[in-house]
file protein06.csv (CSV, C-alpha atoms)
chain,number,residue,atom,x,y,z
A,356,MET,CA,0.0,0.0,0.0
A,357,THR,CA,1.3,3.5,-0.9
A,358,SER,CA,1.5,5.7,2.2
A,359,PRO,CA,-1.8,7.3,3.0
A,360,THR,CA,-2.4,11.0,2.4
A,361,ASP,CA,-3.8,13.3,5.0
A,362,ALA,CA,-7.2,13.0,3.3
A,363,ASP,CA,-6.9,9.2,3.5
A,364,TRP,CA,-6.2,9.5,7.2
A,365,ARG,CA,-9.1,11.8,7.8
A,366,ARG,CA,-11.4,9.3,6.1
A,367,ALA,CA,-9.8,6.4,8.0
A,368,LEU,CA,-10.1,8.0,11.4
A,369,SER,CA,-13.7,9.1,10.6
A,370,ARG,CA,-14.4,5.4,10.0
A,371,PHE,CA,-12.6,4.5,13.2
A,372,VAL,CA,-14.7,6.9,15.4
A,373,ASN,CA,-17.9,5.9,13.5
A,374,VAL,CA,-17.3,2.2,14.3
A,375,ILE,CA,-17.0,3.0,18.0
A,376,PRO,CA,-20.6,3.0,19.3
A,377,HIS,CA,-20.0,5.6,22.0
A,378,THR,CA,-18.5,8.3,19.7
A,379,ARG,CA,-20.8,7.5,16.8
A,380,GLU,CA,-23.9,8.1,18.9
A,381,LEU,CA,-22.4,11.4,20.1
A,382,GLY,CA,-21.7,12.5,16.5
A,383,LEU,CA,-18.0,12.9,16.9
A,384,GLU,CA,-16.5,14.3,13.7
A,385,VAL,CA,-12.9,14.1,12.4
A,386,LEU,CA,-11.9,17.5,11.0
A,387,GLU,CA,-8.3,16.8,10.2
A,388,ALA,CA,-5.8,13.9,10.5
A,389,SER,CA,-2.2,13.4,9.7
A,390,PRO,CA,0.9,11.8,11.3
A,391,ARG,CA,1.5,15.2,12.8
A,392,LEU,CA,-1.9,16.2,14.2
A,393,THR,CA,-5.5,14.9,14.6
A,394,ARG,CA,-8.4,17.4,15.2
A,395,MET,CA,-12.0,16.5,16.0
A,396,ARG,CA,-15.3,18.2,16.9
A,397,LEU,CA,-17.9,16.9,19.4
A,398,PRO,CA,-21.1,18.7,18.7
A,399,TRP,CA,-23.0,20.2,21.6
A,400,HIS,CA,-25.7,18.0,23.2
A,401,GLU,CA,-27.6,18.4,26.5
A,402,ASP,CA,-26.4,14.9,27.5
A,403,LEU,CA,-22.8,16.2,27.8
A,404,LEU,CA,-23.7,18.1,30.9
A,405,GLY,CA,-22.3,17.1,34.3
A,406,ASP,CA,-23.9,20.0,36.2
A,407,SER,CA,-27.2,21.0,34.6
A,408,ALA,CA,-27.9,23.5,37.3
A,409,ARG,CA,-24.8,25.6,36.4
A,410,GLY,CA,-24.6,24.5,32.8
A,411,LEU,CA,-21.2,22.8,32.9
A,412,VAL,CA,-20.0,20.0,30.8
A,413,HIS,CA,-19.2,16.7,32.6
A,414,GLY,CA,-15.4,16.4,33.2
A,415,GLY,CA,-15.6,12.8,32.1
A,416,VAL,CA,-16.8,13.9,28.6
A,417,LEU,CA,-13.4,15.7,28.3
A,418,THR,CA,-11.6,12.6,29.4
A,419,MET,CA,-13.5,10.5,26.9
A,420,LEU,CA,-12.9,13.0,24.2
A,421,LEU,CA,-9.1,13.2,24.9
A,422,ASP,CA,-8.8,9.4,25.2
A,423,THR,CA,-10.5,9.1,21.8
A,424,ALA,CA,-8.4,11.9,20.1
A,425,CYS,CA,-5.1,10.8,21.6
A,426,GLY,CA,-5.8,7.1,20.7
A,427,SER,CA,-6.7,8.1,17.2
A,428,ALA,CA,-3.6,10.3,16.8
A,429,VAL,CA,-1.6,7.2,17.5
A,430,LEU,CA,-2.7,5.5,14.3
A,431,PRO,CA,-1.2,7.8,11.6
A,432,ALA,CA,2.0,8.0,13.6
A,433,LEU,CA,2.7,4.2,13.3
A,434,PRO,CA,4.4,2.5,10.4
A,435,ALA,CA,1.3,0.3,10.0
A,436,PRO,CA,-2.1,0.3,11.8
A,437,GLU,CA,-1.8,-1.5,15.1
A,438,VAL,CA,-4.2,-1.9,18.0
A,439,CYS,CA,-3.0,0.4,20.8
A,440,PRO,CA,-5.0,0.4,24.1
A,441,THR,CA,-4.6,3.2,26.6
A,442,LEU,CA,-2.0,2.5,29.2
A,443,ASP,CA,-2.7,5.6,31.2
A,444,LEU,CA,-4.2,9.1,30.8
A,445,ARG,CA,-3.7,12.3,32.8
A,446,VAL,CA,-6.2,15.1,32.3
A,447,ASP,CA,-5.8,18.7,33.7
A,448,HIS,CA,-9.0,20.7,33.9
A,449,PHE,CA,-8.1,24.4,33.4
A,450,ARG,CA,-11.7,25.4,33.8
A,451,PRO,CA,-15.1,23.9,33.1
A,452,ALA,CA,-16.4,23.7,29.6
A,453,VAL,CA,-19.8,25.4,29.3
A,454,ALA,CA,-23.2,24.5,27.8
A,455,GLY,CA,-24.2,25.3,24.3
A,456,LEU,CA,-20.8,25.2,22.6
A,457,ASP,CA,-19.1,22.4,20.6
A,458,LEU,CA,-16.0,20.8,22.0
A,459,LEU,CA,-12.9,20.9,19.8
A,460,VAL,CA,-10.0,18.6,20.5
A,461,GLU,CA,-6.6,18.1,18.9
A,462,ALA,CA,-4.0,15.5,19.7
A,463,ARG,CA,-0.6,14.5,18.5
A,464,ALA,CA,1.8,11.6,19.0
A,465,LEU,CA,5.0,13.0,20.4
A,466,ARG,CA,7.1,9.8,20.2
A,467,VAL,CA,6.7,6.3,19.0
A,468,THR,CA,8.9,3.6,20.6
A,469,ALA,CA,9.0,-0.2,20.2
A,470,SER,CA,6.4,-0.7,22.9
A,471,VAL,CA,4.7,2.6,23.7
A,472,VAL,CA,3.3,5.7,21.9
A,473,PHE,CA,3.4,9.0,23.9
A,474,THR,CA,0.7,11.5,23.1
A,475,GLU,CA,-0.7,14.8,24.2
A,476,GLY,CA,-4.0,16.6,23.5
A,477,ARG,CA,-6.1,19.6,24.4
A,478,VAL,CA,-9.7,20.6,24.4
A,479,TRP,CA,-11.2,24.0,23.8
A,480,GLN,CA,-14.5,25.8,22.9
A,481,SER,CA,-14.8,28.5,20.4
A,482,GLY,CA,-13.8,31.9,21.9
A,483,GLN,CA,-13.3,30.3,25.3
A,484,GLY,CA,-9.7,29.2,25.3
A,485,ASP,CA,-8.4,25.8,26.4
A,486,VAL,CA,-10.5,24.0,29.0
A,487,ALA,CA,-8.3,20.9,29.4
A,488,ARG,CA,-5.2,19.2,28.3
A,489,ALA,CA,-4.1,15.5,28.5
A,490,VAL,CA,-1.0,13.4,28.4
A,491,GLY,CA,-1.8,9.8,27.3
A,492,ASN,CA,0.4,6.8,26.7
A,493,PHE,CA,-0.7,3.9,24.5
A,494,VAL,CA,0.6,0.4,24.3
A,495,ARG,CA,1.7,-1.1,21.0
A,496,LEU,CA,0.3,-4.6,20.9
A,497,GLY,CA,2.3,-5.3,17.7
A,498,PRO,CA,1.3,-6.7,14.3
A,499,ARG,CA,0.8,-10.2,15.8
A,500,ASN,CA,-2.0,-9.0,18.0
A,501,THR,CA,-3.6,-6.8,15.4
A,502,PRO,CA,-6.2,-8.5,13.2
A,503,PRO,CA,-5.8,-8.0,9.5
A,504,GLU,CA,-9.4,-6.6,9.4
A,505,PHE,CA,-8.2,-3.6,11.5
A,506,ALA,CA,-6.2,-2.0,8.6
A,507,GLN,CA,-8.8,-3.1,6.1
A,508,ALA,CA,-11.6,-1.5,8.1
A,509,LEU,CA,-9.7,1.8,8.3
A,510,PHE,CA,-8.9,2.0,4.6
A,511,ALA,CA,-11.9,0.3,3.1
A,512,GLU,CA,-13.5,1.9,0.0
A,513,GLU,CA,-16.4,4.1,1.0
A,514,ASN,CA,-18.7,2.1,-1.3
A,515,ASP,CA,-17.8,-1.1,0.4
A,516,HIS,CA,-20.0,0.0,3.2
A,517,ALA,CA,-23.5,-0.9,2.0
B,67,MET,CA,-32.9,24.3,33.9
B,68,PRO,CA,-33.8,23.5,37.5
B,69,GLU,CA,-34.4,26.5,39.7
B,70,GLY,CA,-34.3,27.1,43.4
B,71,ILE,CA,-32.0,24.1,43.9
B,72,TYR,CA,-28.4,23.4,44.1
B,73,GLY,CA,-28.0,26.0,46.8
B,74,VAL,CA,-26.8,25.6,50.3
B,75,GLU,CA,-30.1,24.2,51.6
B,76,TRP,CA,-30.7,21.8,48.8
B,77,LEU,CA,-27.2,20.4,49.1
B,78,ALA,CA,-27.4,20.0,52.9
B,79,ARG,CA,-30.8,18.3,52.6
B,80,THR,CA,-29.9,15.9,49.9
B,81,ARG,CA,-26.7,15.1,51.7
B,82,ASP,CA,-28.5,14.4,55.0
B,83,ASP,CA,-30.9,12.1,53.0
B,84,ARG,CA,-28.0,10.5,51.1
B,85,ASP,CA,-30.1,11.2,48.1
B,86,LEU,CA,-27.6,10.3,45.3
B,87,ALA,CA,-30.4,9.9,42.8
B,88,ALA,CA,-31.1,13.7,43.2
B,89,TRP,CA,-27.4,14.4,42.5
B,90,LEU,CA,-27.3,12.1,39.5
B,91,GLU,CA,-30.4,13.8,38.2
B,92,LEU,CA,-28.2,16.9,37.6
B,93,MET,CA,-25.5,14.9,35.8
B,94,PRO,CA,-27.0,14.0,32.3
B,95,TYR,CA,-23.8,12.4,31.0
B,96,ALA,CA,-23.5,10.2,34.0
B,97,ARG,CA,-27.1,9.1,33.4
B,98,ARG,CA,-26.5,8.6,29.7
B,99,ILE,CA,-23.6,6.1,30.4
B,100,GLY,CA,-25.7,4.4,33.1
B,101,VAL,CA,-24.1,5.3,36.4
B,102,SER,CA,-25.9,4.4,39.7
B,103,ALA,CA,-24.9,4.3,43.3
B,104,GLN,CA,-26.0,2.4,46.4
B,105,PRO,CA,-24.8,2.1,50.0
B,106,GLU,CA,-22.2,-0.7,50.6
B,107,ALA,CA,-23.7,-3.9,52.0
B,108,GLN,CA,-21.2,-3.6,54.8
B,109,GLY,CA,-19.7,-0.4,56.0
B,110,GLU,CA,-20.3,3.3,55.4
B,111,GLY,CA,-19.2,3.8,51.9
B,112,LEU,CA,-20.8,3.7,48.5
B,113,LEU,CA,-20.7,1.2,45.7
B,114,PHE,CA,-21.0,2.6,42.2
B,115,ARG,CA,-22.2,0.7,39.2
B,116,LEU,CA,-21.8,1.3,35.4
B,117,ASP,CA,-24.4,-0.5,33.3
B,118,PRO,CA,-23.0,-2.5,30.4
B,119,GLN,CA,-24.8,-0.5,27.8
B,120,PRO,CA,-24.1,-1.1,24.1
B,121,GLY,CA,-23.6,2.7,23.7
B,122,ASN,CA,-20.6,2.5,26.1
B,123,VAL,CA,-18.6,0.2,23.7
B,124,GLY,CA,-15.2,1.6,22.5
B,125,ASN,CA,-13.9,-1.5,20.8
B,126,VAL,CA,-16.3,-3.6,18.7
B,127,MET,CA,-13.8,-6.3,17.9
B,128,LEU,CA,-13.3,-7.5,21.5
B,129,PRO,CA,-15.9,-6.1,22.5
B,130,ALA,CA,-14.7,-3.7,25.2
B,131,LEU,CA,-16.0,-0.6,27.0
B,132,HIS,CA,-14.6,2.7,25.9
B,133,GLY,CA,-11.8,3.6,28.3
B,134,GLY,CA,-13.0,7.2,28.4
B,135,VAL,CA,-16.4,6.0,29.5
B,136,VAL,CA,-14.8,4.0,32.3
B,137,ALA,CA,-12.9,7.2,33.2
B,138,ALA,CA,-16.1,9.2,33.2
B,139,PHE,CA,-17.7,6.6,35.4
B,140,MET,CA,-14.8,6.8,37.9
B,141,GLU,CA,-14.9,10.6,37.9
B,142,THR,CA,-18.6,10.6,38.6
B,143,ALA,CA,-18.1,8.1,41.4
B,144,ALA,CA,-15.3,10.2,42.9
B,145,THR,CA,-17.4,13.4,42.8
B,146,LEU,CA,-20.5,11.8,44.4
B,147,ASP,CA,-18.4,10.0,47.0
B,148,LEU,CA,-16.7,13.2,47.9
B,149,MET,CA,-20.0,15.2,48.1
B,150,LEU,CA,-21.1,12.7,50.7
B,151,ALA,CA,-17.8,12.1,52.6
B,152,SER,CA,-16.6,15.8,52.9
B,153,ARG,CA,-16.9,17.3,56.4
B,154,GLU,CA,-19.2,20.1,55.2
B,155,PRO,CA,-21.5,20.2,52.2
B,156,ARG,CA,-19.2,21.1,49.3
B,157,LEU,CA,-19.5,21.2,45.5
B,158,PRO,CA,-16.3,19.5,44.2
B,159,ARG,CA,-14.8,20.7,41.0
B,160,VAL,CA,-12.3,18.4,39.3
B,161,VAL,CA,-8.7,19.8,39.0
B,162,ASP,CA,-7.0,16.7,37.5
B,163,VAL,CA,-7.5,13.1,36.8
B,164,SER,CA,-4.9,10.4,36.4
B,165,ILE,CA,-6.1,7.0,35.3
B,166,ASP,CA,-4.3,3.7,34.8
B,167,TYR,CA,-5.9,1.0,32.7
B,168,LEU,CA,-5.0,-2.4,34.1
B,169,ARG,CA,-7.3,-4.8,32.1
B,170,THR,CA,-9.7,-4.8,29.3
B,171,ALA,CA,-13.2,-3.7,30.5
B,172,ARG,CA,-15.7,-6.2,29.0
B,173,LEU,CA,-19.4,-5.5,28.3
B,174,VAL,CA,-20.5,-6.6,31.8
B,175,PRO,CA,-21.4,-4.5,34.9
B,176,THR,CA,-18.5,-2.4,36.2
B,177,TYR,CA,-18.2,-1.4,39.9
B,178,ALA,CA,-16.2,1.2,41.7
B,179,ARG,CA,-15.3,2.2,45.2
B,180,CYS,CA,-13.7,5.4,46.3
B,181,SER,CA,-11.4,6.5,49.1
B,182,LEU,CA,-10.9,10.0,50.3
B,183,LEU,CA,-7.2,10.1,51.0
B,184,ARG,CA,-7.0,13.7,52.1
B,185,GLU,CA,-9.5,16.5,52.7
B,186,GLY,CA,-7.9,19.9,53.2
B,187,ARG,CA,-9.7,23.2,53.5
B,188,ARG,CA,-9.8,23.8,49.8
B,189,LEU,CA,-8.6,20.6,48.1
B,190,ALA,CA,-9.3,16.9,48.2
B,191,ASN,CA,-7.5,13.8,46.9
B,192,VAL,CA,-9.7,10.8,46.0
B,193,THR,CA,-8.7,7.4,44.6
B,194,VAL,CA,-11.0,5.1,42.8
B,195,THR,CA,-10.8,1.4,41.9
B,196,ALA,CA,-13.0,-0.1,39.3
B,197,TRP,CA,-13.5,-3.8,38.7
B,198,GLN,CA,-15.9,-6.2,37.0
B,199,LYS,CA,-16.4,-9.8,38.0
B,200,ASP,CA,-13.6,-9.9,40.4
B,201,ALA,CA,-12.8,-7.1,42.9
B,202,ALA,CA,-9.3,-8.5,43.3
B,203,ALA,CA,-8.6,-7.9,39.5
B,204,PRO,CA,-9.4,-4.2,38.9
B,205,VAL,CA,-9.8,-3.0,35.4
B,206,ALA,CA,-8.6,0.5,36.3
B,207,THR,CA,-7.5,2.7,39.1
B,208,ALA,CA,-7.7,6.5,39.2
B,209,ARG,CA,-6.5,9.4,41.3
B,210,LEU,CA,-8.3,12.8,41.3
B,211,HIS,CA,-7.8,16.2,42.9
B,212,PHE,CA,-10.9,18.4,43.5
B,213,VAL,CA,-11.3,22.0,44.6
B,214,LEU,CA,-14.0,22.0,47.3
B,215,GLY,CA,-16.4,24.8,46.3
B,216,ASP,CA,-18.5,26.5,49.0
B,217,PRO,CA,-22.1,26.1,47.9
B,218,ALA,CA,-22.9,29.5,49.2
B,219,ASN,CA,-20.9,30.9,46.3
B,220,TYR,CA,-23.0,29.2,43.6
B,221,GLN,CA,-26.2,31.1,44.0
B,222,GLU,CA,-26.6,32.4,40.4
call {"tool": "encode", "arguments": {"input": "protein06.csv", "output": "structure tokens"}}
result
Amino acid sequence: MTSPTDADWRRALSRFVNVIPHTRELGLEVLEASPRLTRMRLPWHEDLLGDSARGLVHGGVLTMLLDTACGSAVLPALPAPEVCPTLDLRVDHFRPAVAGLDLLVEARALRVTASVVFTEGRVWQSGQGDVARAVGNFVRLGPRNTPPEFAQALFAEENDHA
Amino acid sequence: MPEGIYGVEWLARTRDDRDLAAWLELMPYARRIGVSAQPEAQGEGLLFRLDPQPGNVGNVMLPALHGGVVAAFMETAATLDLMLASREPRLPRVVDVSIDYLRTARLVPTYARCSLLREGRRLANVTVTAWQKDAAAPVATARLHFVLGDPANYQE
């Protein structure tokens, strides 16, 4: 396979988050993807609240979003698609995200070693500045533990999905 | 938007009643992922539960729960546990979360228990352990810091 373009990666990661029931149901959208950077948008929804009296987003939504974005950013950074579960994740909450605005996230893989991928990410809302940042490390399970369907599913032709 | 609640009196009353359902009512994301809480069979603490909902899946091949959903469950547990365990009625606001994933979380009920390691005047440190079929084989552990907000300052 020739090496995927950024447009290929955007489509591949869109499929990736659309196969994951939780992010599909929340309507997570991939805006941009490359070995350098992955950017996504989580549309505003009432269900994202963690404090409906004060209109604040649940902190866990940000953790979920950062885990998804950092885990997705791992894929274009690898020589070949590999299943990489989260080893650990640290999220710093600068301030609460507020009701009514989409959540934007970007993540990058900082370093790929033989066993681990080191990533970082941040979340913000339009005009509101950063609300959280994360550092996440992901384990490389290796080609032997990655089913061949994994890469096929990422780069399947659009019209293969009936 | 609920009115006339979430003030000092409401918090003190729901706390006295150990009315965790009233607190969860104000946490739509926690309800969406299926978090519930009940008093421990033995002891003073709370046992939290995450329903194995299909919408919580993060890996369809295994299948496994989304690690971020497990984290959100544990953060919800830590927040509610702290609201009940703090010396005075307080509204905790999360400062940071650190989560270690120990095992794949399968599509079965997940449980969590919290421990308030330190409660200062303004900050608290809470640890959470989550497991599924076997409490001795946790799927994740987490450590969280919270700022303890005075409910009197949240009157808007």
call {"tool": "interface_residues", "arguments": {"input": "protein06.csv", "of": "chain B", "to": "chain A", "cutoff": "8 Å", "atoms": "all atoms listed in the file", "output": "PyMOL selection string"}}
result
chain B and resi 67-69+71-72+92-96+98+120-126+132-135+137-139+141-142+160-168
call {"tool": "atom_distance", "arguments": {"input": "protein06.csv", "atom1": "atom CA of Arg396 of chain A", "atom2": "atom CA of Asp361 of chain A"}}
result
17.3 Å
call {"tool": "atom_distance", "arguments": {"input": "protein06.csv", "atom1": "atom CA of Gly100 of chain B", "atom2": "atom CA of Leu210 of chain B"}}
result
21.0 Å
call {"tool": "residues_around", "arguments": {"input": "protein06.csv", "residues": "Pro129 of chain B", "least_positions_apart": "6", "cutoff": "9 Å", "atoms": "all atoms listed in the file", "output": "ChimeraX atom specification"}}
result
/B:123,171-173
call {"tool": "closest_residue", "arguments": {"input": "protein06.csv", "among": "A:Pro398, A:Gly455, A:Gly476, A:Gly382", "to": "Ala424 of chain A", "atoms": "only C-alpha atoms"}}
result
A:Gly476
call {"tool": "residues_around", "arguments": {"input": "protein06.csv", "residues": "segment 426-438 of chain A", "least_positions_apart": "5", "cutoff": "9 Å", "atoms": "only C-alpha atoms", "output": "PyMOL selection string"}}
result
chain A and resi 359+361+364+368+371-372+388-394+421+461-467+472-474+491-498+500-502+505-506+509
call {"tool": "closest_residue", "arguments": {"input": "protein06.csv", "among": "A:Leu459, A:Glu387, A:Ala469, A:Ser369", "to": "Val486 of chain A", "atoms": "only C-alpha atoms"}}
result
A:Leu459
call {"tool": "atom_distance", "arguments": {"input": "protein06.csv", "atom1": "atom CA of Ala203 of chain B", "atom2": "atom CA of Leu128 of chain B"}}
result
18.6 Å
call {"tool": "residues_near_point", "arguments": {"input": "protein06.csv", "point": "(-21.7, 5.4, 38.8)", "cutoff": "10 Å", "atoms": "all atoms listed in the file", "output": "PyMOL selection string"}}
result
chain B and resi 90+96-97+99-104+112-117+136+138-147+176-179
call {"tool": "residues_around", "arguments": {"input": "protein06.csv", "residues": "Val194 of chain B", "least_positions_apart": "3", "cutoff": "6 Å", "atoms": "all atoms listed in the file", "output": "list in words"}}
result
Arg179, Cys180, Thr207 and Ala208 of chain B
call {"tool": "residues_around", "arguments": {"input": "protein06.csv", "residues": "segment 181-183 of chain B", "least_positions_apart": "4", "cutoff": "7 Å", "atoms": "all atoms listed in the file", "output": "number ranges by chain"}}
result
B: 191-194
call {"tool": "build_atoms", "arguments": {"input": "protein06.csv", "residues": "segment 363-386 of chain A", "atoms": "N, CA and C atoms", "output": "compact mmCIF listing (two decimals), in the coordinates of the input"}}
result
# COMPACT_ATOMS: atom_id res chain seq x y z
N ASP A 363 -6.67 10.64 3.20
CA ASP A 363 -6.90 9.20 3.50
C ASP A 363 -7.06 9.02 5.01
N TRP A 364 -6.17 9.68 5.76
CA TRP A 364 -6.20 9.50 7.20
C TRP A 364 -7.46 10.11 7.82
N ARG A 365 -7.90 11.25 7.27
CA ARG A 365 -9.10 11.80 7.80
C ARG A 365 -10.30 10.88 7.58
N ARG A 366 -10.36 10.27 6.40
CA ARG A 366 -11.40 9.30 6.10
C ARG A 366 -11.27 8.06 7.03
N ALA A 367 -10.01 7.61 7.20
CA ALA A 367 -9.80 6.40 8.00
C ALA A 367 -10.17 6.63 9.46
N LEU A 368 -9.79 7.78 10.02
CA LEU A 368 -10.10 8.00 11.40
C LEU A 368 -11.62 8.34 11.58
N SER A 369 -12.25 8.90 10.53
CA SER A 369 -13.70 9.10 10.60
C SER A 369 -14.39 7.72 10.69
N ARG A 370 -13.89 6.75 9.89
CA ARG A 370 -14.40 5.40 10.00
C ARG A 370 -14.20 4.83 11.38
N PHE A 371 -12.98 5.05 11.89
CA PHE A 371 -12.60 4.50 13.20
C PHE A 371 -13.57 5.02 14.29
N VAL A 372 -13.84 6.34 14.34
CA VAL A 372 -14.70 6.90 15.40
C VAL A 372 -16.19 6.56 15.11
N ASN A 373 -16.50 6.23 13.86
CA ASN A 373 -17.90 5.90 13.50
C ASN A 373 -18.19 4.41 13.81
N VAL A 374 -17.13 3.61 13.95
CA VAL A 374 -17.30 2.20 14.30
C VAL A 374 -17.47 2.07 15.82
N ILE A 375 -16.91 3.01 16.55
CA ILE A 375 -17.00 3.00 18.00
C ILE A 375 -18.40 3.49 18.41
N PRO A 376 -19.24 2.61 19.00
CA PRO A 376 -20.60 3.00 19.30
C PRO A 376 -20.72 4.32 20.07
N HIS A 377 -19.88 4.46 21.10
CA HIS A 377 -20.00 5.60 22.00
C HIS A 377 -19.83 6.95 21.21
N THR A 378 -18.77 7.02 20.40
CA THR A 378 -18.50 8.30 19.70
C THR A 378 -19.39 8.45 18.48
N ARG A 379 -19.84 7.34 17.89
CA ARG A 379 -20.80 7.50 16.80
C ARG A 379 -22.09 8.08 17.27
N GLU A 380 -22.59 7.58 18.41
CA GLU A 380 -23.90 8.10 18.90
C GLU A 380 -23.79 9.53 19.37
N LEU A 381 -22.58 9.99 19.74
CA LEU A 381 -22.40 11.40 20.10
C LEU A 381 -22.13 12.30 18.93
N GLY A 382 -21.95 11.69 17.75
CA GLY A 382 -21.70 12.50 16.50
C GLY A 382 -20.35 13.08 16.42
N LEU A 383 -19.34 12.41 16.97
CA LEU A 383 -18.00 12.90 16.90
C LEU A 383 -17.51 12.97 15.43
N GLU A 384 -16.90 14.09 15.06
CA GLU A 384 -16.50 14.30 13.70
C GLU A 384 -14.99 14.56 13.58
N VAL A 385 -14.34 13.92 12.61
CA VAL A 385 -12.90 14.10 12.40
C VAL A 385 -12.73 15.30 11.43
N LEU A 386 -12.06 16.37 11.87
CA LEU A 386 -11.90 17.50 11.00
C LEU A 386 -10.60 17.44 10.20
